[in-house]
Each structure stands twice: as C-alpha cells, then as structure tokens.
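target12.cif, holding mmCIF, C-alpha atoms:
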data_data
#
loop_
_atom_site.label_atom_id
_atom_site.label_comp_id
_atom_site.auth_asym_id
_atom_site.auth_seq_id
_atom_site.Cartn_x
_atom_site.Cartn_y
_atom_site.Cartn_z
CA MET A 1 -9.41 15.67 8.06
CA LEU A 2 -7.47 12.89 6.34
CA SER A 3 -3.91 12.31 7.60
CA ILE A 4 -1.72 10.91 4.83
CA ILE A 5 1.40 9.12 6.03
CA ILE A 6 4.40 9.16 3.69
CA PRO A 7 7.45 7.11 4.73
CA THR A 8 10.64 8.03 2.91
CA PHE A 9 14.12 6.63 2.47
CA GLN A 10 16.67 8.60 0.42
CA SER A 11 13.96 9.78 -1.96
CA HIS A 12 14.14 13.57 -1.92
CA GLY A 13 13.54 13.76 -5.69
CA LEU A 14 10.74 11.20 -5.88
CA LEU A 15 8.98 12.67 -2.86
CA ASP A 16 8.02 15.79 -4.80
CA GLN A 17 5.54 14.01 -7.06
CA ALA A 18 3.86 12.34 -4.08
CA ILE A 19 3.47 15.66 -2.27
CA ASN A 20 2.31 17.41 -5.46
CA SER A 21 -0.47 14.85 -5.88
CA VAL A 22 -1.77 15.61 -2.39
CA GLN A 23 -1.52 19.38 -2.85
CA ALA A 24 -3.58 19.01 -6.05
CA GLN A 25 -6.54 17.47 -4.18
CA THR A 26 -10.05 18.78 -4.85
CA VAL A 27 -10.51 19.47 -1.12
CA ALA A 28 -8.09 20.98 1.41
CA ASP A 29 -9.07 18.84 4.40
CA TRP A 30 -5.81 16.88 4.66
CA GLU A 31 -2.39 16.79 6.28
CA ILE A 32 0.81 15.02 5.24
CA VAL A 33 2.98 13.38 7.88
CA ILE A 34 6.39 12.56 6.42
CA SER A 35 8.38 9.91 8.25
CA PRO A 36 12.09 9.60 7.30
CA ASP A 37 14.00 6.36 7.72
CA ASP A 38 17.39 7.54 6.48
CA GLY A 39 18.56 9.97 9.16
CA LEU A 40 18.32 12.88 6.68
CA ASP A 41 16.68 16.25 7.30
CA TYR A 42 13.31 16.75 5.60
CA SER A 43 12.17 19.62 7.82
CA TYR A 44 12.51 22.07 4.90
CA LEU A 45 9.33 20.54 3.45
CA GLN A 46 7.26 22.06 6.25
CA ALA A 47 7.83 25.51 4.74
CA ARG A 48 6.23 24.29 1.54
CA ASP A 49 2.76 23.91 3.08
CA ALA A 50 1.41 24.43 6.61
CA ARG A 51 -0.33 21.07 6.32
CA ILE A 52 2.96 19.19 5.98
CA ARG A 53 4.65 17.88 9.12
CA VAL A 54 7.87 15.89 9.42
CA VAL A 55 8.47 13.25 12.09
CA GLN A 56 11.71 14.01 13.90
CA SER A 57 13.71 10.80 14.06
CA THR A 58 17.32 9.63 13.89
CA ALA A 59 16.22 6.12 12.90
CA VAL A 60 17.93 4.60 9.86
CA ALA A 61 16.79 1.63 7.76
CA THR A 62 14.25 0.33 10.28
CA GLY A 63 11.84 -0.73 7.53
CA ALA A 64 8.59 0.56 6.06
CA GLY A 65 6.40 -0.75 8.89
CA PRO A 66 8.20 0.91 11.81
CA THR A 67 8.67 4.09 9.75
CA ARG A 68 4.93 4.37 9.08
CA ASN A 69 4.17 3.58 12.72
CA ARG A 70 6.27 6.54 13.89
CA ALA A 71 4.05 8.77 11.77
CA LEU A 72 0.86 7.01 12.85
CA ALA A 73 1.60 8.00 16.44
CA GLN A 74 1.53 11.67 15.42
CA VAL A 75 -1.44 11.98 13.06
CA LEU A 76 -4.08 14.60 13.85
CA GLY A 77 -6.81 13.65 11.38
CA THR A 78 -10.06 11.84 12.04
CA ALA A 79 -9.05 9.39 9.30
CA VAL A 80 -5.73 7.95 8.13
CA ALA A 81 -4.33 6.83 4.78
CA TYR A 82 -0.83 6.28 3.47
CA LEU A 83 1.16 6.95 0.34
CA ASP A 84 4.57 5.63 -0.68
CA ASP A 85 7.12 8.33 -1.48
CA ASP A 86 7.32 7.34 -5.17
CA ASP A 87 3.56 7.00 -5.78
CA GLU A 88 0.66 9.41 -6.35
CA LEU A 89 -3.04 9.88 -5.56
CA SER A 90 -5.76 10.88 -7.98
CA SER A 91 -6.89 14.47 -7.40
CA ASN A 92 -10.25 13.38 -5.92
CA TYR A 93 -8.78 10.80 -3.53
CA VAL A 94 -9.17 12.76 -0.27
CA GLU A 95 -12.69 13.95 -1.10
CA ALA A 96 -13.86 10.47 -2.11
CA VAL A 97 -12.32 8.76 0.93
CA LEU A 98 -13.68 11.23 3.48
CA ASN A 99 -17.16 11.01 1.96
CA VAL A 100 -17.23 7.22 2.32
CA LEU A 101 -15.68 7.21 5.79
CA ASP A 102 -18.69 9.17 7.01
CA THR A 103 -20.59 5.88 6.92
CA GLU A 104 -17.91 3.18 6.55
CA LEU A 105 -15.02 2.33 8.91
CA ALA A 106 -12.51 1.49 6.17
CA VAL A 107 -12.12 1.73 2.42
CA VAL A 108 -9.71 1.09 -0.46
CA VAL A 109 -9.43 2.52 -3.97
CA PRO A 110 -8.18 0.73 -7.11
CA THR A 111 -4.41 0.69 -7.61
CA ARG A 112 -3.03 1.49 -11.05
CA TYR A 113 0.47 0.21 -11.76
CA ASP A 114 1.56 2.89 -14.25
CA ASN A 115 0.02 1.92 -17.59
CA ILE A 116 0.55 -1.80 -17.01
CA ARG A 117 -2.59 -2.86 -15.13
CA THR A 118 -5.13 -1.73 -12.54
CA ILE A 119 -6.41 -3.87 -9.66
CA GLY A 120 -9.65 -3.44 -7.71
CA LEU A 121 -11.44 -1.76 -10.59
CA GLY A 122 -15.09 -2.73 -10.97
CA ALA A 123 -15.46 -4.20 -7.48
CA LYS A 124 -17.83 -2.69 -4.92
CA LYS A 125 -16.51 -4.77 -2.03
CA ILE A 126 -13.70 -7.31 -1.83
CA THR A 127 -12.71 -10.16 0.46
CA ILE A 128 -9.17 -11.26 1.33
CA THR A 129 -9.50 -14.09 -1.20
CA GLN A 130 -10.46 -11.66 -3.97
CA PHE A 131 -7.68 -9.29 -2.90
CA GLY A 132 -5.15 -12.12 -2.99
CA LYS A 133 -5.98 -13.08 -6.57
CA MET A 134 -5.34 -9.50 -7.70
CA LEU A 135 -1.61 -10.00 -7.02
CA GLY A 136 -0.98 -6.42 -6.04
CA SER A 137 -1.42 -3.97 -3.19
CA LEU A 138 -4.50 -2.01 -2.15
CA HIS A 139 -3.81 0.77 0.36
CA VAL A 140 -6.47 1.14 3.03
CA ALA A 141 -7.86 4.32 4.53
CA THR A 142 -9.76 4.03 7.80
CA ARG A 143 -11.14 6.10 10.60
CA ARG A 144 -8.29 6.92 12.92
CA GLU A 145 -9.45 4.74 15.81
CA HIS A 146 -9.66 1.68 13.53
CA PHE A 147 -6.27 2.06 11.84
CA PRO A 148 -3.90 -0.75 12.99
CA LYS A 149 -0.13 -0.52 13.26
CA TRP A 150 2.01 -2.13 10.57
CA LEU A 151 4.09 -5.21 11.21
CA ASN A 152 7.81 -5.17 10.48
CA CYS A 153 7.89 -7.76 7.71
CA PHE A 154 8.13 -8.28 3.97
CA ALA A 155 4.95 -7.22 2.11
CA GLU A 156 3.84 -5.36 5.25
CA ASP A 157 1.33 -3.34 3.21
CA VAL A 158 -0.44 -6.52 2.04
CA VAL A 159 -0.46 -7.95 5.58
CA HIS A 160 -1.84 -4.62 6.85
CA THR A 161 -4.66 -4.60 4.30
CA CYS A 162 -5.56 -8.19 5.21
CA CYS A 163 -5.66 -7.17 8.87
CA VAL A 164 -8.08 -4.33 8.13
CA ILE A 165 -10.32 -6.56 6.01
CA GLU A 166 -10.38 -9.09 8.86
CA GLN A 167 -11.37 -6.31 11.28
CA GLN A 168 -14.24 -5.31 8.98
CA GLY A 169 -15.73 -8.79 9.13
CA GLY A 170 -14.14 -10.10 5.95
CA THR A 171 -15.00 -7.47 3.33
CA ILE A 172 -13.99 -3.89 2.57
CA ARG A 173 -15.61 -1.19 0.43
CA VAL A 174 -13.92 -0.16 -2.83
CA ILE A 175 -14.29 3.40 -4.15
CA ALA A 176 -14.49 3.07 -7.92
CA ASP A 177 -13.91 6.67 -8.99
CA ALA A 178 -10.65 7.44 -7.14
CA GLU A 179 -7.23 5.94 -7.75
CA TYR A 180 -3.88 5.14 -6.15
CA VAL A 181 -1.10 5.33 -8.75
CA ALA A 182 1.82 2.99 -8.01
CA HIS A 183 4.94 3.70 -10.03
CA VAL A 184 6.82 0.52 -10.90
CA ARG A 185 10.57 0.84 -10.36
CA ASP A 186 13.36 -1.66 -11.02
CA THR A 187 14.84 -0.67 -7.65
CA GLY A 188 11.67 -1.42 -5.68
CA MET A 189 11.71 -3.92 -2.82
CA CYS A 190 9.85 -6.60 -4.77
CA ALA A 191 12.22 -6.16 -7.69
CA THR A 192 15.42 -6.37 -5.67
CA ASN A 193 14.57 -8.79 -2.85
CA LYS A 194 16.18 -12.16 -3.63
CA ASN A 195 14.46 -14.05 -0.82
CA ILE A 196 10.81 -13.42 -1.63
CA ASN A 197 9.71 -17.04 -1.26
CA SER A 198 11.36 -17.45 2.14
CA SER A 199 9.84 -14.13 3.20
CA TYR A 200 6.40 -15.42 2.16
CA ASP A 201 7.05 -18.63 4.12
CA ALA A 202 7.73 -16.59 7.27
CA ILE A 203 4.41 -14.76 6.88
CA ILE A 204 2.56 -18.03 6.23
CA GLN A 205 4.01 -19.59 9.38
CA GLN A 206 3.00 -16.60 11.52
CA SER A 207 -0.48 -16.03 10.10
CA THR A 208 -3.44 -17.12 12.22
CA HIS A 209 -6.10 -16.32 9.61
CA LYS A 210 -6.89 -18.98 6.99
CA GLU A 211 -7.58 -16.62 4.08
CA THR A 212 -4.43 -14.58 4.75
CA THR A 213 -2.35 -17.77 4.85
CA GLU A 214 -3.84 -18.93 1.55
CA LEU A 215 -3.25 -15.50 0.01
CA PHE A 216 0.48 -15.73 0.62
CA GLN A 217 0.64 -19.36 -0.48
CA TYR A 218 -0.92 -18.20 -3.74
CA ARG A 219 1.53 -15.32 -4.08
CA LYS A 220 4.46 -17.60 -3.39
CA ARG A 221 3.40 -19.92 -6.21
CA VAL A 222 2.99 -17.02 -8.63
CA ASN A 223 6.42 -15.73 -7.66
CA GLN A 224 7.88 -19.18 -8.36
CA LEU A 225 6.32 -19.09 -11.82
CA TYR A 226 7.79 -15.62 -12.31
CA GLU A 227 11.25 -16.82 -11.36
CA GLN A 228 10.91 -19.83 -13.67
CA SER A 229 9.99 -17.48 -16.52
CA GLY A 230 13.48 -15.95 -16.38
CA GLN A 231 12.11 -12.59 -15.17
CA THR A 232 12.54 -11.05 -18.62
CA GLN A 233 9.62 -8.68 -18.02
CA ASN A 234 8.22 -6.61 -15.18
CA TYR A 235 6.35 -8.65 -12.55
CA HIS A 236 3.07 -6.79 -13.17
CA ALA A 237 3.35 -7.34 -16.92
CA PHE A 238 4.04 -11.02 -16.23
CA VAL A 239 0.95 -11.33 -14.01
CA ARG A 240 -1.21 -9.60 -16.60
CA HIS A 241 -0.14 -12.10 -19.27
CA LEU A 242 -0.44 -15.33 -17.25
CA THR A 243 -1.98 -18.03 -19.43
CA THR A 244 -4.97 -20.14 -18.45
CA ASN A 245 -2.74 -23.20 -18.04
CA GLU A 246 -0.34 -21.30 -15.79
CA ILE A 247 -3.19 -20.00 -13.66
CA SER A 248 -4.64 -23.51 -13.31
CA SER A 249 -1.31 -24.73 -11.92
CA ILE A 250 -1.41 -22.18 -9.10
CA ILE A 251 -2.83 -23.00 -5.68
CA HIS A 252 -6.55 -22.24 -5.70
CA PHE A 253 -8.27 -20.70 -2.70
#
Can the structure from this file be put into structure tokens for me?
Amino acid sequence: MLSIIIPTFQSHGLLDQAINSVQAQTVADWEIVISPDDGLDYSYLQARDARIRVVQSTAVATGAGPTRNRALAQVLGTAVAYLDDDDELSSNYVEAVLNVLDTELAVVVPTRYDNIRTIGLGAKKITITQFGKMLGSLHVATRREHFPKWLNCFAEDVVHTCCVIEQQGGTIRVIADAEYVAHVRDTGMCATNKNINSSYDAIIQQSTHKETTELFQYRKRVNQLYEQSGQTQNYHAFVRHLTTNEISSIIHF
C-alpha cells in the first residue's frame, strides 16, 4: 500500500482536487494521511473515504517540513509519497509507483507545472546535478523504511529529494508514464517569499554534499536573474524562456 501524505494550511477548498486525484487512481491500494498546520478541524474528511486519515494536532504554522513529519510518523503503507494540498496526481500514479518500488528503493515521476512546462520528462534516471538544472521540484516516493524526514527549511521538498538521491548512491529512477501536476499559484511560497536568496544561502552553508550545494548556488543565480527581469511573468514561464546568453551567465555545475 502507498501512503500519500498531504500537509494542509487553510486550504479546505483546494484540498478537494488533491483528494479527488487520489480517489481516481487506477488501483485502490493507497491511503491518504492529511496533516493540518492551521489548528482547524479536518476530521470530517475521514467520512469521505475509509482510506483517509487525519493527523490530530493543535500545531499552527510550523512549516511544511514538520507538518509532513507528523504524518510520516503515522503512515501504515509499505511505501510513502507526498502530495501538496493544491496539486494533483495522474490517475495511474499509485499503480506505477508501487510497480517500480517492487524492485527499486525510491522513484520520482515528472512534474508538470500546469500547462507551462514539465520537468523530468524523457529521463530514465537523474542525478542531483541533472535535477538542479531542471529548476523545479520532483516529489519522491520510497519504500517506507527508506523515507527520510523533512528538514524545517525553505525549499524543504528540494532538499528532501536531494537527500533521497544521495541515499540511492547518486541517481534515482524516473517513471515516464505517470505525472505529478503542480498548480502554480501567485500566493505560493516561492511567489511570496521576499528572502529567497538569503534562504538559499542558509541551505548552502548547511549542506555537506557538494552537488546539493552547487544545486542551490545555481538556483540562487537563476532567482537573481528572475528578480532582475522585473518579475513580469511567472517564474516557471521565465525559466522556460531563458536565453542562451542568460544560461551561460549562470553558475555551471
């Protein structure tokens, strides 16, 4: 069974589409563990499906990492994945992931940012360096015993994926025919955080892995280019349209 962790913060309306995408899976071998971080009551969702459980917590605004970790402590599945409360999974996600985890310890699927761009598509395996140059997030699924806790930091999902790739010896399998759909919102953390570069600096200073350090140095430089552009377009649209000259000015690794 695949346990799918969904952290949530004041997103009752958005949460429906995430849950719907799991309920529409081609196989039924899953559970959802919802972890609130707003002090609100989500227990009513358990009546919606016997496979939905809600973490009981009075915690408020502790961050995505700690919120996911509270759910991780309660998962029942043999494998674990996670889904943000405003995103969706392709209908074959659970089936594809469980099939691969029969022989692999960890896996990712391509991430589609609405109709803007898709990252990870066409790759069979990726390294941290390749992941870094995608300038996006790939959500890992692993066997339960190999799933690490999240750190409480900015871009904790990227740090987490790097950690898993490191654990797998430097590469991770990509499932080509499933998909994680990330909905781009103007109110998202990356859109509203005004201290992204200093947040990246903090990660760089704490990282002990060369490729992870270089990944965030690269992301910091791209973010600086984005800020210099006047931010007149969505970040993912900006990345998609980077010119050759702009790319050549970015730190290479």
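Counting all atoms listed in the file, Leu89 in chain A has the following residues at most 7 Å away, ignoring those fewer than 5 positions along the same chain: Ser21, Val22, Glu179, Tyr180 and Val181 of chain A.
CA of Ser207 in chain A lies 12.2 Å from CA of Glu166 in chain A.
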Checklist line | Best match for closeness to Asp201 in chain A among A:Ile172, A:Thr8, A:Asp85, A:Ala155, counting all atoms listed in the file | finding: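 Checking each candidate against Asp201 in chain A, we get A:Ala155 as the closest.
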Item checked: Of the listed residues A:Asp41, A:Glu104, A:Asp177, A:Asp49, that which approaches Asn92 in chain A most closely, counting all atoms listed in the file ->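 Closest candidate: A:Asp177.
Going from CA of Val158 in chain A over to CA of Ala123 in chain A, you cover 17.9 Å.
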